[in-house]
Structure formats: C-alpha cells, structure tokens
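**Student:** Next comes the structure file my_file11.cif, holding mmCIF, C-alpha atoms and all ligand atoms.
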```cif
data_entry
loop_
_atom_site.label_atom_id
_atom_site.label_comp_id
_atom_site.auth_asym_id
_atom_site.auth_seq_id
_atom_site.Cartn_x
_atom_site.Cartn_y
_atom_site.Cartn_z
CA MET J 1 154.25 120.16 57.87
CA LYS J 2 153.59 120.01 61.60
CA ILE J 3 154.16 123.23 63.54
CA LEU J 4 154.22 123.77 67.27
CA ALA J 5 153.40 127.38 68.15
CA ILE J 6 153.83 129.45 71.28
CA GLU J 7 152.15 132.76 72.16
CA THR J 8 152.91 134.87 75.27
CA SER J 9 152.75 138.47 74.03
CA CYS J 10 150.18 139.72 76.51
CA ASP J 11 147.87 138.04 79.02
CA GLU J 12 147.18 134.76 77.23
CA THR J 13 149.57 131.83 77.43
CA ALA J 14 148.98 129.50 74.50
CA VAL J 15 150.52 126.49 72.78
CA ALA J 16 149.10 124.81 69.67
CA VAL J 17 150.12 122.11 67.21
CA LEU J 18 148.86 122.42 63.64
CA GLU J 19 149.39 120.33 60.55
CA ALA J 20 149.44 122.19 57.24
CA THR J 21 148.93 120.79 53.76
CA GLU J 22 148.80 122.61 50.46
CA GLY J 23 145.54 122.12 48.57
CA GLU J 24 144.38 123.32 45.16
CA ALA J 25 142.58 126.39 46.50
CA GLY J 26 145.05 127.32 49.22
CA THR J 27 146.36 125.89 52.47
CA ASN J 28 144.47 123.52 54.74
CA PHE J 29 145.25 123.29 58.43
CA VAL J 30 144.23 120.81 61.08
CA VAL J 31 144.45 121.83 64.73
CA LEU J 32 145.96 118.72 66.32
CA GLY J 33 146.28 120.25 69.78
CA ASN J 34 145.40 123.60 71.32
CA ALA J 35 145.91 124.70 74.91
CA LEU J 36 145.26 128.24 76.14
CA LEU J 37 145.16 129.84 79.55
CA SER J 38 143.86 133.38 79.99
CA GLN J 39 145.20 135.48 82.86
CA ILE J 40 142.39 138.02 82.61
CA GLU J 41 140.94 137.23 86.04
CA LEU J 42 144.35 137.82 87.67
CA HIS J 43 144.90 141.16 85.94
CA LYS J 44 141.38 142.46 86.62
CA GLU J 45 142.26 143.81 90.05
CA TYR J 46 144.98 145.97 88.46
CA GLY J 47 142.54 147.31 85.87
CA GLY J 48 144.89 146.23 83.07
CA VAL J 49 147.73 143.86 82.29
CA TYR J 50 150.45 143.93 84.93
CA PRO J 51 153.66 142.91 83.08
CA ALA J 52 155.58 141.28 85.98
CA LEU J 53 152.56 139.15 86.85
CA ALA J 54 152.05 138.22 83.18
CA LYS J 55 155.68 137.10 82.95
CA ARG J 56 155.45 134.96 86.09
CA GLU J 57 152.22 133.31 84.94
CA HIS J 58 153.62 132.51 81.48
CA ALA J 59 156.66 130.87 83.09
CA LYS J 60 154.43 128.81 85.38
CA ASN J 61 152.00 127.68 82.70
CA LEU J 62 154.04 127.08 79.54
CA VAL J 63 155.20 123.56 80.43
CA PRO J 64 151.73 122.24 81.43
CA LEU J 65 150.23 123.84 78.31
CA LEU J 66 152.92 122.30 76.12
CA GLU J 67 152.16 118.88 77.59
CA ALA J 68 148.42 119.43 77.13
CA ALA J 69 148.78 120.47 73.47
CA LEU J 70 151.17 117.62 72.64
CA SER J 71 148.98 115.12 74.46
CA GLU J 72 145.86 116.24 72.57
CA ALA J 73 147.84 115.91 69.34
CA GLY J 74 148.85 112.37 70.27
CA LEU J 75 152.48 113.49 70.22
CA LEU J 76 153.27 113.17 73.92
CA ILE J 77 155.10 109.89 74.23
CA GLU J 78 156.47 109.13 77.67
CA ASP J 79 160.03 107.92 77.69
CA THR J 80 163.06 108.58 79.83
CA GLN J 81 165.50 110.80 77.97
CA THR J 82 169.04 111.49 78.94
CA MET J 83 170.13 114.92 77.92
CA ALA J 84 173.67 115.48 76.69
CA PRO J 85 175.52 117.66 79.22
CA ALA J 86 176.18 120.35 76.62
CA VAL J 87 172.46 120.54 75.74
CA HIS J 88 171.53 120.64 79.42
CA GLU J 89 174.00 123.46 80.01
CA LYS J 90 172.71 125.43 77.03
CA ILE J 91 169.10 125.12 78.21
CA VAL J 92 170.01 126.29 81.71
CA GLU J 93 171.76 129.27 80.14
CA ILE J 94 168.80 130.15 77.87
CA LEU J 95 166.29 129.92 80.72
CA GLU J 96 168.43 131.77 83.22
CA ARG J 97 166.26 134.89 83.07
CA GLU J 98 162.95 133.03 83.37
CA PRO J 99 162.69 132.18 87.06
CA GLY J 100 160.78 129.02 87.81
CA LEU J 101 160.88 127.69 84.27
CA THR J 102 164.14 125.68 84.17
CA GLU J 103 163.16 122.95 86.61
CA LEU J 104 159.70 122.45 85.15
CA PHE J 105 161.23 122.37 81.67
CA LEU J 106 163.96 119.84 82.42
CA ALA J 107 161.65 117.59 84.45
CA SER J 108 159.13 117.49 81.61
CA LEU J 109 161.54 117.09 78.70
CA THR J 110 163.53 114.28 80.28
CA GLU J 111 160.30 112.28 80.44
CA MET J 112 159.11 112.54 76.85
CA GLU J 113 160.25 111.49 73.41
CA VAL J 114 161.12 114.20 70.92
CA PRO J 115 157.72 114.87 69.26
CA ALA J 116 157.27 114.46 65.52
CA ILE J 117 157.02 118.14 64.60
CA ASP J 118 158.86 120.03 61.87
CA ALA J 119 159.30 123.47 63.41
CA ILE J 120 158.64 125.62 66.45
CA ALA J 121 157.02 129.02 65.88
CA VAL J 122 157.00 131.72 68.54
CA THR J 123 155.66 135.26 68.83
CA SER J 124 158.68 137.52 69.18
CA GLY J 125 156.75 140.82 69.02
CA PRO J 126 155.02 143.18 69.27
CA GLY J 127 153.66 143.06 72.83
CA LEU J 128 154.80 143.33 76.41
CA GLU J 129 158.50 142.67 76.29
CA PRO J 130 158.88 140.77 79.61
CA ALA J 131 155.98 138.55 78.57
CA LEU J 132 157.35 138.01 75.05
CA TRP J 133 160.76 137.01 76.40
CA VAL J 134 159.33 134.05 78.32
CA GLY J 135 157.87 132.57 75.15
CA VAL J 136 160.96 133.35 73.08
CA ASN J 137 163.33 131.74 75.58
CA PHE J 138 161.01 128.78 76.04
CA ALA J 139 160.99 128.25 72.26
CA ARG J 140 164.79 128.62 72.07
CA ALA J 141 165.18 126.03 74.84
CA LEU J 142 162.75 123.65 73.10
CA ALA J 143 164.54 124.04 69.77
CA THR J 144 167.81 123.25 71.57
CA ALA J 145 166.45 120.21 73.42
CA TRP J 146 164.72 118.73 70.37
CA ASN J 147 167.06 120.02 67.67
CA LYS J 148 164.20 121.66 65.74
CA LEU J 149 163.95 124.65 63.43
CA LEU J 150 162.76 127.89 64.99
CA VAL J 151 160.42 130.44 63.38
CA SER J 152 159.95 134.00 64.62
CA VAL J 153 156.37 135.25 64.19
CA ASN J 154 155.02 138.79 64.23
CA HIS J 155 151.86 138.72 66.38
CA MET J 156 150.06 141.10 63.99
CA GLU J 157 150.72 138.82 61.02
CA GLY J 158 149.04 136.12 63.11
CA HIS J 159 145.95 138.35 63.46
CA ILE J 160 145.92 139.00 59.70
CA VAL J 161 146.26 135.40 58.50
CA SER J 162 143.74 134.11 61.05
CA ALA J 163 141.17 136.59 59.69
CA LEU J 164 141.59 135.03 56.24
CA THR J 165 140.71 131.50 57.35
CA THR J 166 137.36 129.78 57.31
CA SER J 167 136.83 127.17 59.95
CA PRO J 168 133.54 125.29 60.14
CA ASP J 169 134.41 123.23 63.22
CA LYS J 170 137.34 124.92 65.06
CA ILE J 171 139.55 121.96 64.05
CA THR J 172 139.98 122.30 60.31
CA LEU J 173 140.84 125.66 58.81
CA SER J 174 141.25 126.58 55.19
CA LEU J 175 143.03 129.61 53.91
CA PRO J 176 142.39 130.34 50.24
CA ALA J 177 144.87 132.80 48.75
CA PRO J 178 143.14 136.23 49.02
CA LYS J 179 142.86 138.54 46.03
CA LEU J 180 145.60 141.16 46.22
CA PRO J 181 146.14 143.91 47.11
CA LEU J 182 144.96 143.02 50.60
CA LEU J 183 144.28 145.77 53.12
CA SER J 184 144.32 144.85 56.82
CA LEU J 185 142.77 146.90 59.58
CA LEU J 186 144.45 145.81 62.80
CA ILE J 187 142.54 146.84 65.89
CA SER J 188 143.64 145.68 69.31
CA GLY J 189 144.62 146.92 72.74
CA GLY J 190 147.96 148.18 71.44
CA HIS J 191 147.37 148.79 67.73
CA THR J 192 145.17 150.65 65.27
CA GLU J 193 146.81 150.26 61.91
CA LEU J 194 146.02 150.08 58.23
CA VAL J 195 148.48 147.79 56.49
CA LEU J 196 148.66 147.20 52.74
CA SER J 197 149.87 143.93 51.22
CA LYS J 198 150.57 144.27 47.51
CA ASN J 199 152.16 140.84 47.69
CA TRP J 200 151.37 137.93 49.99
CA LEU J 201 153.13 138.33 53.36
CA SER J 202 154.61 141.72 52.55
CA TYR J 203 153.36 144.76 54.39
CA GLU J 204 153.34 148.52 54.09
CA LEU J 205 152.03 150.56 57.00
CA ILE J 206 149.82 153.25 55.44
CA GLY J 207 147.99 154.60 58.49
CA GLN J 208 147.91 154.33 62.25
CA THR J 209 146.64 155.97 65.40
CA ARG J 210 148.36 159.15 66.47
CA ASP J 211 147.53 158.52 70.13
CA ASP J 212 145.42 155.77 71.75
CA ALA J 213 144.72 152.41 70.15
CA VAL J 214 141.01 151.77 69.66
CA GLY J 215 141.02 148.84 72.14
CA GLU J 216 142.75 151.07 74.67
CA ALA J 217 139.99 153.68 74.18
CA PHE J 218 137.34 150.97 74.75
CA ASP J 219 139.17 149.90 77.92
CA LYS J 220 139.44 153.48 79.22
CA VAL J 221 135.81 154.30 78.45
CA ALA J 222 134.84 151.12 80.29
CA ARG J 223 136.71 152.33 83.35
CA MET J 224 134.92 155.71 83.15
CA LEU J 225 131.62 153.86 83.15
CA GLY J 226 132.67 151.70 86.12
CA LEU J 227 133.13 148.52 84.10
CA PRO J 228 135.86 145.91 84.62
CA TYR J 229 138.90 145.13 82.42
CA PRO J 230 138.99 144.22 79.55
CA GLY J 231 136.47 146.89 78.74
CA GLY J 232 135.76 146.26 75.06
CA PRO J 233 133.22 143.48 75.48
CA GLU J 234 131.62 145.31 78.45
CA VAL J 235 131.13 148.59 76.57
CA SER J 236 129.77 146.61 73.66
CA LYS J 237 127.21 144.87 75.89
CA LEU J 238 125.98 148.22 77.22
CA ALA J 239 125.70 149.66 73.72
CA GLU J 240 123.76 146.60 72.60
CA ARG J 241 121.24 147.16 75.42
CA ALA J 242 120.74 150.76 74.29
CA ARG J 243 120.17 149.44 70.76
CA GLU J 244 117.57 146.99 72.07
CA ARG J 245 115.74 149.96 73.62
CA GLY J 246 115.67 151.61 70.21
CA GLY J 247 119.11 153.27 70.13
CA VAL J 248 118.41 156.59 71.85
CA GLN J 249 120.82 159.24 70.51
CA GLU J 250 121.21 161.06 73.82
CA PHE J 251 124.88 161.93 73.38
CA VAL J 252 126.74 163.30 70.40
CA LEU J 253 130.45 162.51 70.22
CA PRO J 254 133.15 163.76 67.84
CA ARG J 255 134.52 161.65 64.99
CA PRO J 256 138.18 162.67 65.14
CA MET J 257 140.09 163.08 61.89
CA LEU J 258 137.14 161.74 59.90
CA HIS J 259 137.68 164.08 56.97
CA ASP J 260 141.46 164.48 57.16
CA PRO J 261 143.08 163.45 53.86
CA ASN J 262 145.16 160.61 55.31
CA PHE J 263 144.71 157.12 56.72
CA ASP J 264 145.54 157.99 60.33
CA PHE J 265 143.32 157.72 63.38
CA SER J 266 142.99 159.49 66.71
CA PHE J 267 140.97 158.21 69.64
CA SER J 268 142.11 160.35 72.54
CA GLY J 269 139.71 163.23 71.75
CA LEU J 270 136.81 160.81 71.60
CA LYS J 271 137.88 159.28 74.90
CA THR J 272 138.18 162.75 76.50
CA ALA J 273 134.71 163.67 75.23
CA VAL J 274 133.33 160.59 77.04
CA LEU J 275 135.25 161.60 80.15
CA TYR J 276 133.75 165.08 80.01
CA LEU J 277 130.23 163.66 79.76
CA SER J 278 130.68 161.09 82.55
CA LYS J 279 133.07 162.52 85.15
CA ASP J 280 131.40 163.54 88.41
CA LYS J 281 128.03 162.95 86.79
CA ASP J 282 125.65 160.56 88.40
CA LEU J 283 124.66 158.80 85.17
CA SER J 284 121.71 156.42 85.26
CA VAL J 285 122.11 152.90 83.88
CA GLU J 286 120.26 153.97 80.74
CA GLN J 287 122.46 157.03 80.29
CA LYS J 288 125.57 154.86 80.56
CA GLU J 289 124.14 152.57 77.92
CA ASN J 290 123.40 155.56 75.68
CA LEU J 291 126.94 156.86 76.16
CA ALA J 292 128.42 153.44 75.32
CA LEU J 293 126.24 153.42 72.20
CA ALA J 294 127.50 156.85 71.16
CA PHE J 295 131.13 155.88 71.77
CA GLU J 296 130.92 152.59 69.91
CA GLY J 297 129.12 154.29 67.02
CA ALA J 298 131.75 157.03 66.74
CA ALA J 299 134.62 154.51 66.89
CA ALA J 300 133.02 152.32 64.22
CA ASP J 301 132.31 155.33 61.95
CA VAL J 302 135.90 156.55 62.09
CA LEU J 303 137.36 153.06 61.56
CA TYR J 304 135.08 152.48 58.58
CA ALA J 305 135.56 155.90 56.96
CA LYS J 306 139.36 155.74 57.09
CA THR J 307 139.41 152.15 55.86
CA LYS J 308 137.07 153.01 53.00
CA ARG J 309 139.32 155.87 51.96
CA ALA J 310 142.30 153.51 52.03
CA LEU J 311 140.43 150.89 49.97
CA GLU J 312 139.55 153.52 47.37
CA GLU J 313 143.02 154.97 47.11
CA THR J 314 144.94 151.69 47.09
CA GLY J 315 142.50 149.73 44.94
CA ALA J 316 142.61 146.85 47.43
CA GLU J 317 140.38 143.90 46.54
CA SER J 318 140.36 142.24 49.96
CA LEU J 319 139.96 143.60 53.48
CA ALA J 320 140.91 141.73 56.65
CA LEU J 321 139.88 142.87 60.11
CA GLY J 322 142.12 141.51 62.84
CA GLY J 323 142.94 141.91 66.53
CA GLY J 324 140.87 141.75 69.71
CA VAL J 325 138.52 144.61 68.75
CA SER J 326 137.50 142.75 65.58
CA ALA J 327 135.30 140.69 67.94
CA ASN J 328 133.03 143.75 68.23
CA THR J 329 129.62 142.94 66.77
CA HIS J 330 128.73 146.53 65.87
CA ILE J 331 132.04 147.25 64.14
CA LYS J 332 131.72 144.04 62.11
CA ARG J 333 128.14 144.93 61.20
CA VAL J 334 129.11 148.44 60.08
CA PHE J 335 131.85 147.06 57.83
CA ARG J 336 129.70 144.27 56.43
CA GLU J 337 126.65 146.44 55.68
CA ARG J 338 128.38 149.56 54.38
CA LEU J 339 130.92 147.67 52.27
CA ALA J 340 128.19 145.56 50.68
CA LYS J 341 126.46 148.78 49.64
CA GLU J 342 129.37 151.08 48.90
CA MET J 343 132.21 148.79 47.74
CA PRO J 344 130.65 145.44 46.84
CA HIS J 345 133.73 144.30 44.89
CA VAL J 346 135.79 144.16 48.12
CA SER J 347 135.87 140.79 49.92
CA LEU J 348 135.68 141.22 53.69
CA PHE J 349 137.44 138.75 55.99
CA THR J 350 136.86 138.65 59.73
CA PRO J 351 138.24 136.04 62.14
CA ASP J 352 135.95 133.45 63.68
CA ALA J 353 135.08 134.31 67.28
CA TYR J 354 137.49 131.74 68.75
CA LEU J 355 140.37 133.31 66.79
CA THR J 356 139.77 137.01 67.57
CA GLY J 357 141.59 137.07 70.91
CA ASP J 358 145.24 136.15 71.25
CA ASN J 359 145.90 132.45 70.62
CA ALA J 360 148.61 130.12 69.35
CA ILE J 361 146.65 128.83 66.35
CA MET J 362 147.20 132.16 64.57
CA ILE J 363 150.91 131.99 65.39
CA ALA J 364 151.10 128.52 63.87
CA LEU J 365 149.33 129.76 60.70
CA ALA J 366 151.76 132.65 60.21
CA GLY J 367 154.68 130.45 61.30
CA TYR J 368 153.78 127.90 58.63
CA TYR J 369 154.04 130.44 55.81
CA ARG J 370 157.36 131.72 57.11
CA ALA J 371 158.69 128.16 57.45
CA LYS J 372 157.45 127.34 53.96
CA ASN J 373 159.57 130.27 52.74
CA SER J 374 162.49 128.82 54.73
CA GLU J 375 162.58 131.94 56.90
CA PHE J 376 164.02 130.42 60.05
CA ALA J 377 165.26 132.27 63.10
CA ASP J 378 168.72 131.97 64.55
CA LEU J 379 168.48 130.33 67.95
CA GLU J 380 171.39 132.34 69.30
CA THR J 381 170.23 135.77 68.20
CA LEU J 382 166.42 135.57 68.37
CA ARG J 383 165.15 138.37 70.60
CA ALA J 384 161.80 139.58 71.88
CA ASN J 385 160.90 142.98 70.45
CA GLY J 386 157.97 144.77 72.08
CA ASN J 387 157.79 147.31 69.24
CA MET J 388 158.29 144.97 66.31
CA SER J 389 156.64 146.34 63.16
CA LEU J 390 155.23 144.46 60.19
CA SER J 391 157.03 146.26 57.40
O1 LIG B 1 144.35 141.38 70.25
P1 LIG B 1 144.05 141.45 71.70
O2 LIG B 1 143.41 140.25 72.37
O3 LIG B 1 145.33 141.80 72.52
C1 LIG B 1 146.24 142.73 72.04
O4 LIG B 1 147.12 142.27 71.24
O5 LIG B 1 146.10 143.92 72.41
O6 LIG B 1 143.10 142.73 71.93
C2 LIG B 1 142.62 143.10 73.20
C3 LIG B 1 141.75 144.34 73.08
C4 LIG B 1 141.33 144.91 74.43
O7 LIG B 1 141.52 146.31 74.39
C5 LIG B 1 139.84 144.58 74.49
O8 LIG B 1 139.08 145.49 75.27
C6 LIG B 1 139.45 144.63 73.05
O9 LIG B 1 140.53 144.01 72.38
N1 LIG B 1 138.21 143.90 72.78
C7 LIG B 1 137.09 144.48 72.31
C8 LIG B 1 136.11 143.45 72.22
N2 LIG B 1 136.69 142.28 72.63
C9 LIG B 1 137.98 142.58 72.95
N3 LIG B 1 136.81 145.77 71.99
C10 LIG B 1 135.58 146.04 71.55
N4 LIG B 1 134.59 145.14 71.46
C11 LIG B 1 134.80 143.84 71.77
N5 LIG B 1 133.81 142.95 71.66
ZN ZN B 2 146.59 140.50 69.78
#
```
Now that the file is in, can you turn its structure into structure tokens?
**Tutor:**
Amino acid sequence: MKILAIETSCDETAVAVLEATEGEAGTNFVVLGNALLSQIELHKEYGGVYPALAKREHAKNLVPLLEAALSEAGLLIEDTQTMAPAVHEKIVEILEREPGLTELFLASLTEMEVPAIDAIAVTSGPGLEPALWVGVNFARALATAWNKLLVSVNHMEGHIVSALTTSPDKITLSLPAPKLPLLSLLISGGHTELVLSKNWLSYELIGQTRDDAVGEAFDKVARMLGLPYPGGPEVSKLAERARERGGVQEFVLPRPMLHDPNFDFSFSGLKTAVLYLSKDKDLSVEQKENLALAFEGAAADVLYAKTKRALEETGAESLALGGGVSANTHIKRVFRERLAKEMPHVSLFTPDAYLTGDNAIMIALAGYYRAKNSEFADLETLRANGNMSLS
C-alpha cells in the first residue's frame, strides 16, 4: 500500500510518501519521498510558535513540498489535466479558508497525472488548530481532486508508532509487532502523557501533566537562561557542558509529585524553582550550565520514576518514548540505564533522531495501520481538532 501523508500540526510542514508491505515479523516500510520544511527560524523572534504565521507558511509551502515528495518518489508525472467543473468548484469551496492555497493548488494539480497512491493520511489533531486546518483542508482537496481515500491521523499515535520502528538507513523502516501491553511516554511541547495499549492501536490515558508539558518547561527554562526557542536542545547542550566539567551539583531542585501514588506529572513548580534561582541574578556561564544540569536531571528523574511506577502497576512489557523531548540524550540515557538494571524484562523503544521531531513519515506509519483497518475519514465531515485525544 502506498500512502501519502501530510503533517502541519505545529511549525513543521511535511509531506511524505511511504510504501508498506506486511512481512513475517511485522510491517516493512520504504520512504519513497520525504519533504519537510521547518519554520523554526521564523518563529524564533516571537520566542515560540506564532499560530497565524504558522498557518500562512503551511499554506505557502504545502504545494511545493507535495511536488518535491512526489517527484522524489517518481510519482510526479507531468500531464495537462482538465478538472471537471464540479470538482473544481468543490476544491475552491474546501480551500476557501486557506488564503493563498487555492491558486497554487489548482495550478499544480492541472499539470500532473493522478499519482499511483492508495490513500492520503493527514494529521487532524492535536496541535495548533489554525495550523492543523491547513493540512486537513489540503488533504480534503487532494482527495477530491484525485478521488482517493482519506485517513485521519492522531499526531501522538504518529509519535508512538515511529518510536517502535528500526531504520538503518532512513529509507527502510521495519516495525515488528511490540509485546503488549505497551506503555508510551509522550513528551513534547504540548504533552506529557502516559498511555497504555493493552491491544495494538488502542489507548488508555493513565497519567498526564497537571500543568506544564515537559517540553514547555524546557522552553521556559531556556528563556530564563537567555537561550533561543526551541529551548530543549539548548538547555540540553548547557547541561552536557556541565557534565563534561564533572557535573557540579551546585543547585538542588524539587522533583514534583515524585512519590505521589499516581501516574501524573507536574512541571510548573520545577520551572518556578529555576526562575527563583535565576531571576535578577547575574549567573556566570558555568552557573547557568549547572542550573541546566539540575533542571534536566530533575525532569528526567520525575519522568523515569512515574513511568517505572506505571510499568510496575500495569505489567507492561514494552515502553515507547515519543515526542520532541525524546530527542534528549540525558533522558534517553536515564531510561536505558535504569531500566536495564531495574526492569530488564521491559523492551525500550526510542525513535531514531530523524523521527523525533514532527515529520510526515510518522503520520504515514500511523495512517497505514488505520487504512489497513479500513478506518477512513469522511471527506465532508473531517475536522481539525486541536485537543484531540488518543483514547
Ligand atoms: O513533538 P515536537 O517536535 O512538537 C510538539 O508536538 O510539541 O516537540 C517539541 C518540543 C519543544 O518543546 C522542544 O524544546 C522539545 O520538544 N525538544 C527537546 C529536545 N529537542 C526538542 N527537549 C529537550 N531536549 C531536547 N534535546
Ligand atoms: Zn509532535
């Protein structure tokens, strides 16, 4: 099955084409085409993602990225197409709320053959709603123009399934069926969640943050230390430098809710503790590094402790880390080392570096499983949902 996938939930615009085949040990995927444009540089001056700008950039870039992905896949065949008036009218109606997209769309699609794909998958949530809508309407318009099946994908399911893949070369990916129950720790700019899958592709939310998401805390701490957006990788770099100097424990930070008998998290107290230690203080470079070290250590300890409790109480056999924060070297190390010692029967899955941030490959992976289950979306009623949940 060939799937075209579209991702616009935040500040990455991405289109990918994957081919999936069922093998003996699981599913094998080949990335036929992959085109991604990050808007990070544009959002930096706002110190975070600015939704109206994200929406405009998605609308501007989706058509060129579609052409790039199809071309790489060898599926862009130039040909003059005449569009039936009813189809043309429907597309204009669907794209009405996406300024700038209609003309680009029609100009491009009247110059290419319908590509040989089986379905179109699109992220419909969660994320920034104005940004999500661009992708959703683009996918609806494509499905109309090409008469293809449409699949609605939950962005977080994309993060989970991409963590389960192994990919030696960034082109072929294999996804062996994980041992169930599977526990997923989803850590990103908008989410900190523990999700239990007793069955494949079914989810039960068992814990979440009561305030800030862990990625959000990283981003805010970065700002306190005078670092640019997105702050996660910047804080991590500082902490790594402190570690190289021998990991001086200059600051002691709280580990919120560490011993509470539940699977919930809280990061706002930790963030405030960093604020208290840094505000109006003229910290030296080394002190900032030591503070980053203390923050990253506290965040990793809390994430690990709550996840371990959840593994024990649910009897999960597999653990997937997913979302932007799963790129963090220290967090991955804490999980790898402590699990190997304390719960060696649990298999740990982390995404390859090129799959940790938002991308369309992960949307194609999740979209494939939904399409395989014949879970198709209705073109007329598909909506973007910024708060979409997994369960
Ligand atoms: O999944 P993602 O790309 O977008 C969302 O869906 O939110 O996650 C972005 C978040 C940002 O908060 C960013 O600072 C954080 O992931 N992040 C990191 C690292 N790389 C990205 N946080 C900690 N350490 C990192 N290396
Ligand atoms: Zn994400």
**Student:** Tell me which of J:Val92, J:Ile160, J:Leu390, J:Leu109 sits closest to ligand ZN 2 (chain B), counting all atoms listed in the file.
**Tutor:**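 Closest to ligand ZN 2 (chain B), using all atoms listed in the file: J:Ile160.
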**Student:** Fewer than 4 positions away in the same chain doesn't count, so skip those; otherwise give me all residues within 6 Å of segment 149-155 of chain J, counting only C-alpha atoms, as number ranges by chain.
**Tutor:** J: 119-125, 367, 376-377
**Student:** Atom CA of Ser284 of chain J to atom CA of Val248 of chain J: how many Å, to one decimal?
**Tutor:**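 Atom CA of Val248 of chain J lies 13.8 Å from atom CA of Ser284 of chain J.
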**Student:** Between atom CA of Gly231 of chain J and atom CA of Leu348 of chain J, what is the distance in Å, rounded to a tenth?
**Tutor:**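 Atom CA of Leu348 of chain J lies at a distance of 25.7 Å from atom CA of Gly231 of chain J.
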**Student:** Which chain J residues have any atom within 10 Å of an atom of ligand ZN 2 (chain B), and for each, what is the nearest pair of atoms with distance in Å to one decimal, counting all atoms listed in the file, rows sorted by chain and number, as a Markdown table?
**Tutor:**
```
| residue | atom | partner | partner_atom | distance |
| --- | --- | --- | --- | --- |
| J:Glu7 | CA | B:ZN2 | ZN | 9.8 |
| J:Ser9 | CA | B:ZN2 | ZN | 7.8 |
| J:Cys10 | CA | B:ZN2 | ZN | 7.7 |
| J:Asp11 | CA | B:ZN2 | ZN | 9.6 |
| J:Glu12 | CA | B:ZN2 | ZN | 9.4 |
| J:Pro126 | CA | B:ZN2 | ZN | 8.9 |
| J:Gly127 | CA | B:ZN2 | ZN | 8.1 |
| J:His155 | CA | B:ZN2 | ZN | 6.5 |
| J:Met156 | CA | B:ZN2 | ZN | 6.8 |
| J:Glu157 | CA | B:ZN2 | ZN | 9.8 |
| J:Gly158 | CA | B:ZN2 | ZN | 8.3 |
| J:His159 | CA | B:ZN2 | ZN | 6.7 |
| J:Leu186 | CA | B:ZN2 | ZN | 9.0 |
| J:Ile187 | CA | B:ZN2 | ZN | 8.5 |
| J:Ser188 | CA | B:ZN2 | ZN | 6.0 |
| J:Gly189 | CA | B:ZN2 | ZN | 7.3 |
| J:Gly190 | CA | B:ZN2 | ZN | 8.0 |
| J:His191 | CA | B:ZN2 | ZN | 8.6 |
| J:Gly322 | CA | B:ZN2 | ZN | 8.3 |
| J:Gly323 | CA | B:ZN2 | ZN | 5.1 |
| J:Gly324 | CA | B:ZN2 | ZN | 5.9 |
| J:Val325 | CA | B:ZN2 | ZN | 9.1 |
| J:Leu355 | CA | B:ZN2 | ZN | 10.0 |
| J:Thr356 | CA | B:ZN2 | ZN | 8.0 |
| J:Gly357 | CA | B:ZN2 | ZN | 6.2 |
| J:Asp358 | CA | B:ZN2 | ZN | 4.8 |
| J:Asn359 | CA | B:ZN2 | ZN | 8.1 |
| J:Met362 | CA | B:ZN2 | ZN | 9.9 |
```
**Student:** At a cut-off of 7 Å, using all atoms listed in the file, what residues contact Ala35 of chain J? Leave out same-chain residues fewer than 6 positions from it and give the result as an mmCIF file with C-alpha atoms, in the coordinates of the input.
**Tutor:**
```cif
data_model
loop_
_atom_site.group_PDB
_atom_site.id
_atom_site.type_symbol
_atom_site.label_atom_id
_atom_site.label_comp_id
_atom_site.auth_asym_id
_atom_site.auth_seq_id
_atom_site.Cartn_x
_atom_site.Cartn_y
_atom_site.Cartn_z
ATOM 1 C CA ALA J 14 148.980 129.500 74.500
ATOM 2 C CA VAL J 15 150.520 126.490 72.780
ATOM 3 C CA ALA J 16 149.100 124.810 69.670
ATOM 4 C CA LEU J 65 150.230 123.840 78.310
ATOM 5 C CA ALA J 68 148.420 119.430 77.130
ATOM 6 C CA ALA J 69 148.780 120.470 73.470
#
```
**Student:** Would you pick out the contacts of Ser184 of chain J at 6 Å or less, using all atoms listed in the file, so that residues sharing its chain but fewer than 6 positions from it are not included, and give the list as a ChimeraX atom specification?
**Tutor:** /J:194-195,319-321
**Student:** Taking 5 positions as the minimum chain separation for residues in the same chain, which residues sit within 8 Å of His58 of chain J when counting all atoms listed in the file? Answer as a list in words.
**Tutor:**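 Within the cut-off, the hits are Thr8, Thr13, Ala131, Val134 and Gly135 of chain J.
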**Student:** What are the centre and edge lengths in Å, to one decimal, of the axis-aligned box around all listed atoms of ligand LIG 1 (chain B) with 5 Å added on each side, as AutoDock Vina command-line options?
**Tutor:**
```
--center_x 140.5 --center_y 143.3 --center_z 72.8 --size_x 23.3 --size_y 16.1 --size_z 15.0
```
**Student:** Name the closest residue to Ser71 of chain J among the candidates J:Pro254, J:Pro115, J:Pro85, J:Gly386; distances are taken between atoms, counting only C-alpha atoms.
**Tutor:**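 The closest residue to Ser71 of chain J is J:Pro115.
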**Student:** I'd like the contact shell of Asp280 of chain J - 12 Å cut-off, only C-alpha atoms, skipping same-chain residues fewer than 5 positions apart - returned as a list in words.
**Tutor:** Met224, Leu225, Val274 and Leu275 of chain J
**Student:** Please produce a file of the residues just selected, as a PDB file, in the coordinates of the input, where the atoms kept are C-alpha atoms.
**Tutor:**
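Below you can see selection_10.pdb, which holds the result:
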```pdb
ATOM      1  CA  MET J 224     134.920 155.710  83.150  1.00  0.00           C
ATOM      2  CA  LEU J 225     131.620 153.860  83.150  1.00  0.00           C
ATOM      3  CA  VAL J 274     133.330 160.590  77.040  1.00  0.00           C
ATOM      4  CA  LEU J 275     135.250 161.600  80.150  1.00  0.00           C
TER       5      LEU J 275
END
```
**Student:** Select, counting all atoms listed in the file, all protein, DNA and RNA residues no farther than 9 Å from (139.2, 151.8, 56.5) in file coordinates, and express the selection as a list in words.
**Tutor:**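 Taken together, the residues in range are Leu183, Ser184, Leu185, Leu194, Phe263, Val302, Leu303, Tyr304, Ala305, Lys306, Thr307, Lys308, Arg309, Ala310, Leu311, Leu319 and Phe335 of chain J.
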